[in-house]
Amino acid sequence: MAKRPEVLRADWLLPAPNRAAIRHGAILVRDGRIAASGPAASVEIPEGAAVTELGAAVLMPGLINAHQHGRGISQIMMGYPDMPLEPWIAGRRRHGPPDIGAVTRLAAEAMIANGVTATLHANYTYGTGDYGQELRDQIAAYRTAGLRATICVGLQDRGALIYPDADESAFAARLPKAAQALIARPASAPYMPDWKSSVSFMDRVQAEVTGDPLIRLAWGPAGPQWVSDTLWSQVAADARARNVGLHFHLLESPAQAASARRLYPEGTLARLRRLGVFNAATSCAHGVHMSPADMAIAAAEGLVVVLNPGSNLRLFNGPPPVAALRAAGVLLAAGTDNCAASDDEDYLAELWLATLLGRAEGAMNTAGQDAAMAFAIATTGGAAAAFLPEDHGVIAPGAPADVAAFRLMGCDSRQSSDPHRIAEMLFSRGRGRDCVLTMIAGQIRFAARPEDAVRLQQAHDRALASVRARANAASATGVAAFQAALRAHYAGRGDG
Ligand SMILES: [Zn+2]
């Protein structure tokens with residue numbers, strides 16, 4: 001049954017990063033796509049159409065959270081306080097898994113309430129031993145919430161928390177007894193046991209999601225220190241043949257940077273290029289410790305770098321080099337990594353932090369340049385990072401009806417029509433709480449109604465209850481000893 005057409009009207013329409021704002025704008029939505037857009041006077045209202053008057057709001061393409069893991073309950077709430085990346089990851093070995101579907105559902109609902117219409121779900125495992133079920137529970141949660149999601153199938157065939165993996169046996173030998181049991185979990189193949197089973201798993205899940213307009217798959221090789229040269233070559237060839245993207249973590253922590261200097265003396269991205277990785281569509285997260293040579297390769301090969309500034313600062317990795325990446329011409333996107341500076345899924349707040357980090361000492365970006373960068377990061381950059389088709393991330397006839405509206409003081413029809421003014425206000429002052437509408441594939445998924453608050457609260461309650469019900473998987477003393485050993489192991493290695 002065809003849904004009736006829908007018209008959304010707002011004081012301001014921001015169609016795309018490189019287009020001027022339109023005062024009194026409107027879009028017409030039919031069958032999940034934008035049929036017309038522009039000044040309200042020029043957009044016809046078909047017979048029987050539902051008309052939503054958003055009033056003093058800014059209507060724009062939906063935000064794209066291009067790197068997160070479906071962790072709807074923050075790590076602080078899970079009991080894992082901020083600390084350097086490797087001991088922080090190790091801290092999770094203290095507990096068994098929560099209800100993975102419930103936690104992912106909460107992440108999805110929270111993103112939608114913040115104006116996010118699409119996300120990339122990066123590789124992640126709770127170490128249950130049944131990665132297939134974990135991933136299926138996560139996919140089901142995005143589907144139920146109605147959030148567009150690119151789901152990465154994780155791959156890892158070496159190393160865990162000690163990298164290069166050659167150092168692991170010496171590290172294990174020195175570990176205090178209380179921590180010995182923790183080194184082996186999860187095993188170095190935390191996803192599918194090997195490449196062959198990963199491929200058949202990808203085949204099966206691809207068949208399961210065929211025909212679902214919201215879900216697409218990608219490969220998620222965990223990162224250079226966790227993936228062998230052989231596996232990189234295999235996944236790159238498969239991604240190209242299958243026409244799926246390839247998304248990985250890149251040079252996130254000082255320890256990973258030190259490891260890369262030993263594993264990839266010619267440069268990390270130089271090696272990945274030689275292995276054929278960039279024959280596929282690629283995006284990576286973090287890139288905190290990319291060298292100028294890495295940045296040049298990223299720009300030349302079209303590698304999209306997804307900025308996660310809050311996560312990087314919170315986990316003692318340093319700020320991502322936004323200004324240098326920008327100067328090098330690297331295509332940028334942004335994600336919350338479920339570890340944003342505000343410890344929630346407020347994408348606009350995180351985007352503002354990324355924008356500020358793009359202001360290099362001594363430089364002077366104009367408000368218009370910064371707003372244009374933020375807009376592109378949030379929409380077209382995000383779409384590229386999540387491997388969405390080219391018509392995503394913009395409001396234009398034929399594009400999918402993925403849009404968000406924000407209402408904030410001053411963004412009304414009386415505002416001057418300086419082409420950058422509305423974007424400047426939205427991207428510097430706007431926050432997730434200003435979201436008044438999120439539409440995905442033509443369906444209104446959030447409209448700041450009482451029932452939206454109830455749905456979010458219920459998702460929160462279910463997820464938190466399951467976190468509280470987690471079993472203990474290791475003793476607090478064992479985990480603390482393991483974390484201390486990791487910190488001692490990496491001390492002083494970051495700047496070598
Ligand atoms: Zn991540």
# chains A, B, ... in the order shown; residues from 1 in each chain; ligands from 1
call {"tool": "residues_near_ligand", "arguments": {"ligand": "ligand 1", "cutoff": "7 Å", "atoms": "only C-alpha atoms and all ligand atoms", "output": "PyMOL selection string"}}
result
chain A and resi 67-69+122+249+285+337
call {"tool": "write_last_selection", "arguments": {"atoms": "N, CA, C and O atoms", "output": "mmCIF file, in the first residue's frame"}}
result
data_model
loop_
_atom_site.group_PDB
_atom_site.id
_atom_site.type_symbol
_atom_site.label_atom_id
_atom_site.label_comp_id
_atom_site.auth_asym_id
_atom_site.auth_seq_id
_atom_site.Cartn_x
_atom_site.Cartn_y
_atom_site.Cartn_z
ATOM 1 N N HIS A 67 30.876 6.438 12.697
ATOM 2 C CA HIS A 67 31.653 5.437 13.437
ATOM 3 C C HIS A 67 31.108 5.316 14.844
ATOM 4 O O HIS A 67 31.263 6.224 15.668
ATOM 5 N N GLN A 68 30.462 4.197 15.106
ATOM 6 C CA GLN A 68 30.034 3.873 16.473
ATOM 7 C C GLN A 68 29.800 2.365 16.504
ATOM 8 O O GLN A 68 29.863 1.691 15.486
ATOM 9 N N HIS A 69 29.558 1.867 17.699
ATOM 10 C CA HIS A 69 29.513 0.414 17.880
ATOM 11 C C HIS A 69 28.204 -0.089 18.493
ATOM 12 O O HIS A 69 28.161 -1.192 19.023
ATOM 13 N N ALA A 122 30.622 -0.045 13.447
ATOM 14 C CA ALA A 122 31.974 -0.592 13.239
ATOM 15 C C ALA A 122 32.126 -1.933 13.951
ATOM 16 O O ALA A 122 31.332 -2.287 14.825
ATOM 17 N N HIS A 249 39.753 0.649 12.067
ATOM 18 C CA HIS A 249 40.343 1.601 13.006
ATOM 19 C C HIS A 249 41.773 1.870 12.542
ATOM 20 O O HIS A 249 42.468 0.954 12.120
ATOM 21 N N ALA A 285 38.502 5.006 11.060
ATOM 22 C CA ALA A 285 38.179 5.826 12.223
ATOM 23 C C ALA A 285 39.464 6.315 12.874
ATOM 24 O O ALA A 285 40.505 5.667 12.778
ATOM 25 N N ASP A 337 31.577 7.261 18.299
ATOM 26 C CA ASP A 337 32.296 6.132 18.869
ATOM 27 C C ASP A 337 31.651 5.704 20.196
ATOM 28 O O ASP A 337 32.283 5.009 20.980
#
call {"tool": "select_by_dssp", "arguments": {"residues": "segment 309-437 of chain A", "states": "strand (DSSP E)", "output": "list in words"}}
result
Leu332, Ala333, Ala334, Val403, Ala404, Ala405, Phe406, Cys435, Val436 and Leu437 of chain A
call {"tool": "residues_around", "arguments": {"residues": "Phe278 of chain A", "least_positions_apart": "4", "cutoff": "9 Å", "atoms": "only C-alpha atoms", "output": "PDB file with N, CA, C and O atoms, in the first residue's frame"}}
result
ATOM      1  N   ALA A 236      40.408  -7.107   0.854  1.00  0.00           N
ATOM      2  CA  ALA A 236      40.332  -6.044  -0.149  1.00  0.00           C
ATOM      3  C   ALA A 236      39.777  -6.598  -1.460  1.00  0.00           C
ATOM      4  O   ALA A 236      38.898  -5.995  -2.082  1.00  0.00           O
ATOM      5  N   LEU A 272      49.250  -0.666   3.272  1.00  0.00           N
ATOM      6  CA  LEU A 272      47.873  -1.030   2.898  1.00  0.00           C
ATOM      7  C   LEU A 272      47.636  -0.796   1.403  1.00  0.00           C
ATOM      8  O   LEU A 272      46.946  -1.570   0.749  1.00  0.00           O
ATOM      9  N   ARG A 273      48.245   0.263   0.891  1.00  0.00           N
ATOM     10  CA  ARG A 273      48.087   0.529  -0.545  1.00  0.00           C
ATOM     11  C   ARG A 273      48.721  -0.598  -1.366  1.00  0.00           C
ATOM     12  O   ARG A 273      48.139  -1.089  -2.317  1.00  0.00           O
ATOM     13  N   ARG A 274      49.920  -1.018  -0.939  1.00  0.00           N
ATOM     14  CA  ARG A 274      50.593  -2.101  -1.666  1.00  0.00           C
ATOM     15  C   ARG A 274      49.768  -3.389  -1.608  1.00  0.00           C
ATOM     16  O   ARG A 274      49.766  -4.188  -2.551  1.00  0.00           O
ATOM     17  N   THR A 282      36.955   2.692   0.913  1.00  0.00           N
ATOM     18  CA  THR A 282      37.479   2.575   2.273  1.00  0.00           C
ATOM     19  C   THR A 282      37.146   3.792   3.128  1.00  0.00           C
ATOM     20  O   THR A 282      37.082   4.918   2.647  1.00  0.00           O
ATOM     21  N   GLU A 301      43.951   8.371  -2.339  1.00  0.00           N
ATOM     22  CA  GLU A 301      43.210   7.122  -2.539  1.00  0.00           C
ATOM     23  C   GLU A 301      41.733   7.234  -2.152  1.00  0.00           C
ATOM     24  O   GLU A 301      40.994   6.259  -2.206  1.00  0.00           O
ATOM     25  N   GLY A 302      41.315   8.394  -1.682  1.00  0.00           N
ATOM     26  CA  GLY A 302      39.901   8.548  -1.327  1.00  0.00           C
ATOM     27  C   GLY A 302      39.501   7.863  -0.034  1.00  0.00           C
ATOM     28  O   GLY A 302      38.331   7.536   0.169  1.00  0.00           O
ATOM     29  N   LEU A 303      40.488   7.625   0.849  1.00  0.00           N
ATOM     30  CA  LEU A 303      40.179   7.055   2.168  1.00  0.00           C
ATOM     31  C   LEU A 303      39.487   8.131   3.012  1.00  0.00           C
ATOM     32  O   LEU A 303      40.058   9.196   3.244  1.00  0.00           O
TER      33      LEU A 303
END
call {"tool": "select_by_dssp", "arguments": {"residues": "segment 259-445 of chain A", "states": "alpha helix (DSSP H)", "output": "JSON, numbers by chain"}}
result
{"A": [259, 260, 261, 262, 263, 268, 269, 270, 271, 272, 273, 274, 292, 293, 294, 295, 296, 297, 298, 299, 300, 301, 309, 310, 311, 312, 313, 314, 322, 323, 324, 325, 326, 327, 347, 348, 349, 350, 351, 352, 353, 354, 355, 356, 357, 367, 368, 369, 370, 371, 372, 373, 374, 375, 376, 382, 383, 384, 385, 421, 422, 423, 424, 425, 426, 427, 428, 429]}
call {"tool": "closest_residue", "arguments": {"among": "A:Leu214, A:Ala324, A:Ala113, A:Val209", "to": "Glu361 of chain A", "atoms": "only C-alpha atoms"}}
result
A:Ala324
call {"tool": "residues_around", "arguments": {"residues": "Gln180 of chain A", "least_positions_apart": "3", "cutoff": "12 Å", "atoms": "only C-alpha atoms", "output": "list of chain:residue names"}}
result
A:Ser169, A:Phe171, A:Ala172, A:Ala173, A:Arg174, A:Leu175, A:Pro176, A:Lys177, A:Ile183, A:Ala184, A:Arg185, A:Ala474, A:Ser475, A:Thr477, A:Gly478, A:Val479, A:Ala480, A:Ala481, A:Phe482, A:Gln483, A:Ala485
call {"tool": "residues_around", "arguments": {"residues": "Pro46 of chain A", "least_positions_apart": "6", "cutoff": "12 Å", "atoms": "only C-alpha atoms", "output": "list in words"}}
result
Arg4, Pro5, Glu6, Val7, Ile27, Leu28, Val29, Arg30, Ala35 and Ala36 of chain A
call {"tool": "residues_around", "arguments": {"residues": "Trp88 of chain A", "least_positions_apart": "6", "cutoff": "8 Å", "atoms": "only C-alpha atoms", "output": "count of residues only"}}
result
5
call {"tool": "residues_around", "arguments": {"residues": "Tyr131 of chain A", "least_positions_apart": "6", "cutoff": "7 Å", "atoms": "only C-alpha atoms", "output": "tab-separated table (two decimals) with all heavy atoms, in the first residue's frame"}}
result
chain	number	residue	atom	x	y	z
A	125	THR	N	32.87	-6.84	19.24
A	125	THR	CA	32.36	-8.10	19.77
A	125	THR	C	32.31	-8.02	21.28
A	125	THR	O	33.14	-7.35	21.92
A	125	THR	CB	33.21	-9.31	19.34
A	125	THR	OG1	32.69	-10.47	20.02
A	125	THR	CG2	34.67	-9.14	19.70
A	191	TYR	N	36.12	-12.75	16.04
A	191	TYR	CA	34.95	-12.71	15.17
A	191	TYR	C	34.71	-14.13	14.65
A	191	TYR	O	34.56	-15.04	15.45
A	191	TYR	CB	35.15	-11.66	14.07
A	191	TYR	CG	35.36	-10.28	14.68
A	191	TYR	CD1	36.64	-9.70	14.77
A	191	TYR	CD2	34.30	-9.58	15.23
A	191	TYR	CE1	36.82	-8.45	15.37
A	191	TYR	CE2	34.47	-8.34	15.84
A	191	TYR	CZ	35.73	-7.78	15.91
A	191	TYR	OH	35.91	-6.57	16.51
A	192	MET	N	34.73	-14.36	13.34
A	192	MET	CA	34.64	-15.72	12.84
A	192	MET	C	36.03	-16.35	12.93
A	192	MET	O	37.02	-15.65	12.86
A	192	MET	CB	34.10	-15.72	11.42
A	192	MET	CG	32.63	-15.36	11.35
A	192	MET	SD	31.65	-16.64	12.17
A	192	MET	CE	30.14	-15.76	12.50
call {"tool": "closest_residue", "arguments": {"among": "A:Ala376, A:Tyr347, A:Arg421, A:Ala465", "to": "Met78 of chain A", "atoms": "only C-alpha atoms"}}
result
A:Ala465
call {"tool": "atom_distance", "arguments": {"atom1": "atom CA of Ala296 of chain A", "atom2": "atom CA of Val330 of chain A"}}
result
7.9 Å
call {"tool": "closest_residue", "arguments": {"among": "A:Arg359, A:Arg204, A:His420, A:Lys3", "to": "Arg33 of chain A", "atoms": "only C-alpha atoms"}}
result
A:Lys3
call {"tool": "atom_distance", "arguments": {"atom1": "atom CA of Arg414 of chain A", "atom2": "atom CA of Asp11 of chain A"}}
result
8.9 Å
call {"tool": "atom_distance", "arguments": {"atom1": "atom CA of Val304 of chain A", "atom2": "atom CA of Leu332 of chain A"}}
result
5.6 Å
call {"tool": "closest_residue", "arguments": {"among": "A:Ala473, A:Leu388, A:Ile112, A:Ala16", "to": "Ala447 of chain A", "atoms": "only C-alpha atoms"}}
result
A:Ile112
call {"tool": "closest_residue", "arguments": {"among": "A:Ala270, A:Ile139, A:Ala471, A:Leu408", "to": "Arg433 of chain A", "atoms": "only C-alpha atoms"}}
result
A:Leu408
